[in-house]
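Visitor: Below you'll find the structure I mean.
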Amino acid sequence: MSNLVVDVAGLAIIGFIVWWFWLSRPAARRVGDTPITIEDGVYSPAHIEVGRDRPIVLRFLRKDPSPCAAKVIFTELGVSADLPVGEEREVRLGPQQAGDYEFVCEMHMYRGVLSVK
């Protein structure tokens, strides 16, 4: 009986880990007056929704002193920006086609998604 409990608990933990790291997605937020903050190893918000066929201006505020957070990169768009600690930095993107565009740090540890609708 105890083996069954351990097996079920192990499967539940594995399922949670799979959901947490690969299947869950943060709720999309529209970009407003608040910047995207980089703190404790994450972008917040990490899923941003914007309208298509309009210029896009994203503001980043880096609070994380980690060297990994020093740059944000939009690989598919060919855009990157240095992010000094404690300062807001605007990243301007031209009008984009509808789709999802990932943004990451240099080491691809911090991740976010820009959804153009």
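Order determines the names: the first chain of the structure tokens is A, the second B, and so forth; residues in each chain are numbered 1 upward, and ligands are numbered 1 upward as they are shown.
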Write out as a list in words the residues lying within 7 Å of A:Tyr43, counting only C-alpha atoms and excluding same-chain residues fewer than 2 positions away.

Guide: Ile36, Thr37, Ile38, Glu39, Pro45, Ala46, Tyr110, Arg111 and Gly112 of chain A

Visitor: Generate a file of the selected residues that holds N, CA and C atoms, formatted as a compact mmCIF listing (two decimals), in the first residue's frame.

Guide:
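Written out: part-v7.txt:
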# COMPACT_ATOMS: atom_id res chain seq x y z
N ILE A 36 7.88 47.12 -17.96
CA ILE A 36 8.14 45.69 -17.75
C ILE A 36 9.33 45.64 -16.81
N THR A 37 9.16 45.05 -15.63
CA THR A 37 10.25 45.00 -14.67
C THR A 37 11.01 43.69 -14.80
N ILE A 38 12.29 43.77 -14.55
CA ILE A 38 13.15 42.58 -14.53
C ILE A 38 13.66 42.48 -13.10
N GLU A 39 13.15 41.45 -12.40
CA GLU A 39 13.48 41.29 -10.99
C GLU A 39 13.35 39.83 -10.60
N PRO A 45 5.27 42.17 -16.58
CA PRO A 45 4.64 40.94 -17.03
C PRO A 45 5.51 40.22 -18.06
N ALA A 46 5.34 38.91 -18.15
CA ALA A 46 6.14 38.11 -19.07
C ALA A 46 5.40 37.84 -20.37
N TYR A 110 15.89 34.32 -18.76
CA TYR A 110 14.71 35.14 -18.54
C TYR A 110 13.96 35.14 -19.87
N ARG A 111 12.67 34.86 -19.83
CA ARG A 111 11.90 34.75 -21.07
C ARG A 111 10.58 35.50 -20.97
N GLY A 112 10.18 36.05 -22.09
CA GLY A 112 8.89 36.70 -22.20
C GLY A 112 8.36 36.54 -23.61

Visitor: Which residue out of A:Ser66, A:Val79, A:Asp7, A:Tyr101 has the minimum interatomic distance to A:Val113 when only C-alpha atoms are used?

Guide: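 Smallest separation from A:Val113 among the options: A:Tyr101.
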
Visitor: Write out as a ChimeraX atom specification which residues come within 8 Å of A:Gln96 when counting only C-alpha atoms, dropping same-chain ones fewer than 6 positions away.

Guide: /A:52-55,116

Visitor: Just list the residues in chain A DSSP gives helix (DSSP H, G or I) on the backbone, as JSON, numbers by chain.

Guide: {"A": [2, 3, 4, 5, 6, 7, 8, 9, 10, 11, 12, 13, 14, 15, 16, 17, 18, 19, 20, 21, 22, 23, 67, 68, 69, 70, 75, 76, 77]}

Visitor: For the selection just defined, write its residues with N, CA, C and O atoms to a file, as a CSV table (one decimal), in the first residue's frame.

Guide:
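Writing done, so here's selection-v5.csv:
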chain,number,residue,atom,x,y,z
A,2,SER,N,2.0,1.3,0.8
A,2,SER,CA,2.8,2.5,0.8
A,2,SER,C,3.5,2.7,-0.5
A,2,SER,O,3.8,3.8,-0.8
A,3,ASN,N,3.8,1.6,-1.2
A,3,ASN,CA,4.4,1.8,-2.5
A,3,ASN,C,3.5,2.5,-3.5
A,3,ASN,O,3.9,3.4,-4.3
A,4,LEU,N,2.2,2.2,-3.4
A,4,LEU,CA,1.2,2.9,-4.3
A,4,LEU,C,1.1,4.3,-3.9
A,4,LEU,O,1.0,5.2,-4.8
A,5,VAL,N,1.1,4.7,-2.7
A,5,VAL,CA,1.0,6.1,-2.3
A,5,VAL,C,2.3,6.9,-2.8
A,5,VAL,O,2.1,8.0,-3.3
A,6,VAL,N,3.4,6.3,-2.6
A,6,VAL,CA,4.7,6.9,-3.1
A,6,VAL,C,4.6,7.1,-4.6
A,6,VAL,O,5.0,8.1,-5.1
A,7,ASP,N,4.2,6.1,-5.3
A,7,ASP,CA,4.1,6.2,-6.8
A,7,ASP,C,3.1,7.3,-7.2
A,7,ASP,O,3.4,8.0,-8.1
A,8,VAL,N,1.9,7.3,-6.6
A,8,VAL,CA,0.9,8.3,-7.0
A,8,VAL,C,1.5,9.7,-6.6
A,8,VAL,O,1.3,10.6,-7.4
A,9,ALA,N,2.1,9.9,-5.5
A,9,ALA,CA,2.7,11.2,-5.1
A,9,ALA,C,3.8,11.6,-6.1
A,9,ALA,O,3.8,12.7,-6.5
A,10,GLY,N,4.6,10.6,-6.5
A,10,GLY,CA,5.7,10.9,-7.4
A,10,GLY,C,5.1,11.4,-8.8
A,10,GLY,O,5.6,12.3,-9.4
A,11,LEU,N,4.1,10.7,-9.3
A,11,LEU,CA,3.5,11.1,-10.5
A,11,LEU,C,2.8,12.4,-10.5
A,11,LEU,O,2.9,13.2,-11.4
A,12,ALA,N,2.2,12.7,-9.3
A,12,ALA,CA,1.6,14.0,-9.1
A,12,ALA,C,2.6,15.1,-9.2
A,12,ALA,O,2.5,16.2,-9.8
A,13,ILE,N,3.8,14.9,-8.5
A,13,ILE,CA,4.8,15.9,-8.5
A,13,ILE,C,5.4,16.1,-9.9
A,13,ILE,O,5.7,17.2,-10.4
A,14,ILE,N,5.6,15.0,-10.6
A,14,ILE,CA,6.1,15.1,-12.0
A,14,ILE,C,5.2,15.8,-12.9
A,14,ILE,O,5.5,16.7,-13.7
A,15,GLY,N,3.9,15.6,-12.7
A,15,GLY,CA,2.8,16.3,-13.5
A,15,GLY,C,2.8,17.8,-13.2
A,15,GLY,O,2.8,18.6,-14.1
A,16,PHE,N,3.0,18.1,-12.0
A,16,PHE,CA,3.1,19.5,-11.6
A,16,PHE,C,4.3,20.2,-12.2
A,16,PHE,O,4.2,21.3,-12.7
A,17,ILE,N,5.4,19.6,-12.1
A,17,ILE,CA,6.7,20.1,-12.7
A,17,ILE,C,6.5,20.3,-14.2
A,17,ILE,O,6.9,21.4,-14.7
A,18,VAL,N,6.0,19.4,-14.9
A,18,VAL,CA,5.7,19.5,-16.4
A,18,VAL,C,4.8,20.7,-16.6
A,18,VAL,O,5.1,21.5,-17.5
A,19,TRP,N,3.7,20.8,-15.9
A,19,TRP,CA,2.8,21.9,-16.1
A,19,TRP,C,3.5,23.2,-15.8
A,19,TRP,O,3.4,24.2,-16.6
A,20,TRP,N,4.2,23.3,-14.7
A,20,TRP,CA,4.8,24.6,-14.3
A,20,TRP,C,5.8,25.1,-15.3
A,20,TRP,O,5.8,26.3,-15.6
A,21,PHE,N,6.7,24.2,-15.7
A,21,PHE,CA,7.8,24.7,-16.6
A,21,PHE,C,7.5,24.7,-18.1
A,21,PHE,O,8.1,25.5,-18.8
A,22,TRP,N,6.6,23.9,-18.5
A,22,TRP,CA,6.4,23.8,-20.0
A,22,TRP,C,5.0,24.1,-20.5
A,22,TRP,O,4.8,24.5,-21.6
A,23,LEU,N,4.0,23.9,-19.7
A,23,LEU,CA,2.6,24.1,-20.1
A,23,LEU,C,1.9,25.3,-19.7
A,23,LEU,O,1.0,25.8,-20.4
A,67,PRO,N,24.1,39.9,-14.1
A,67,PRO,CA,24.6,40.3,-15.5
A,67,PRO,C,23.8,39.7,-16.6
A,67,PRO,O,23.7,40.2,-17.7
A,68,CYS,N,23.0,38.6,-16.3
A,68,CYS,CA,22.2,38.0,-17.3
A,68,CYS,C,21.0,39.0,-17.7
A,68,CYS,O,20.6,39.0,-18.8
A,69,ALA,N,20.6,39.9,-16.8
A,69,ALA,CA,19.5,40.8,-17.1
A,69,ALA,C,20.0,42.1,-17.8
A,69,ALA,O,19.2,43.0,-18.0
A,70,ALA,N,21.2,42.1,-18.1
A,70,ALA,CA,21.8,43.4,-18.7
A,70,ALA,C,21.3,43.7,-20.1
A,70,ALA,O,21.5,44.8,-20.5
A,75,THR,N,15.0,38.2,-30.7
A,75,THR,CA,15.8,37.5,-31.8
A,75,THR,C,15.1,37.6,-33.1
A,75,THR,O,15.8,37.9,-34.1
A,76,GLU,N,13.9,37.2,-33.2
A,76,GLU,CA,13.1,37.2,-34.5
A,76,GLU,C,13.0,38.6,-35.1
A,76,GLU,O,12.9,38.6,-36.3
A,77,LEU,N,13.1,39.6,-34.3
A,77,LEU,CA,12.9,41.0,-34.8
A,77,LEU,C,14.3,41.7,-35.1
A,77,LEU,O,14.3,42.7,-35.6

Visitor: Find the spatial neighbours of A:Lys71, counting only C-alpha atoms, within a cut-off of 9 Å - ignore same-chain residues fewer than 4 positions away - and output them as a list in words.

Guide: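 Answer for this query is Pro67, Ser80, Ala81, Asp82, Leu83, Pro84, Val104, Cys105 and Glu106 of chain A.
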
Visitor: Would you mind telling me which residue in A:Val72, A:Pro35, A:Met107, A:Asp40 lies nearest to A:Glu87 when using only C-alpha atoms?

Guide: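 Using only C-alpha atoms, A:Glu87 sits closest to A:Pro35.
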
Visitor: Looking at only C-alpha atoms, which of A:Thr34, A:Lys63, A:Phe74, A:Met1 is the one that sits closest to A:Arg92?

Guide: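 Residue with the minimum atom-to-atom distance to A:Arg92: A:Phe74.
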
Visitor: For A:Ile56, find every residue with an atom within 12 Å (counting only C-alpha atoms), except residues of its own chain fewer than 2 positions away, and show them as a list in words.

Guide: Arg30, Val31, Gly32, Ile48, Glu49, Val50, Gly51, Arg52, Asp53, Arg54, Leu58, Arg59, Glu90, Val91, Arg92, Leu93, Gly94, Pro95, Gln96, Gln97, Leu114, Ser115 and Val116 of chain A
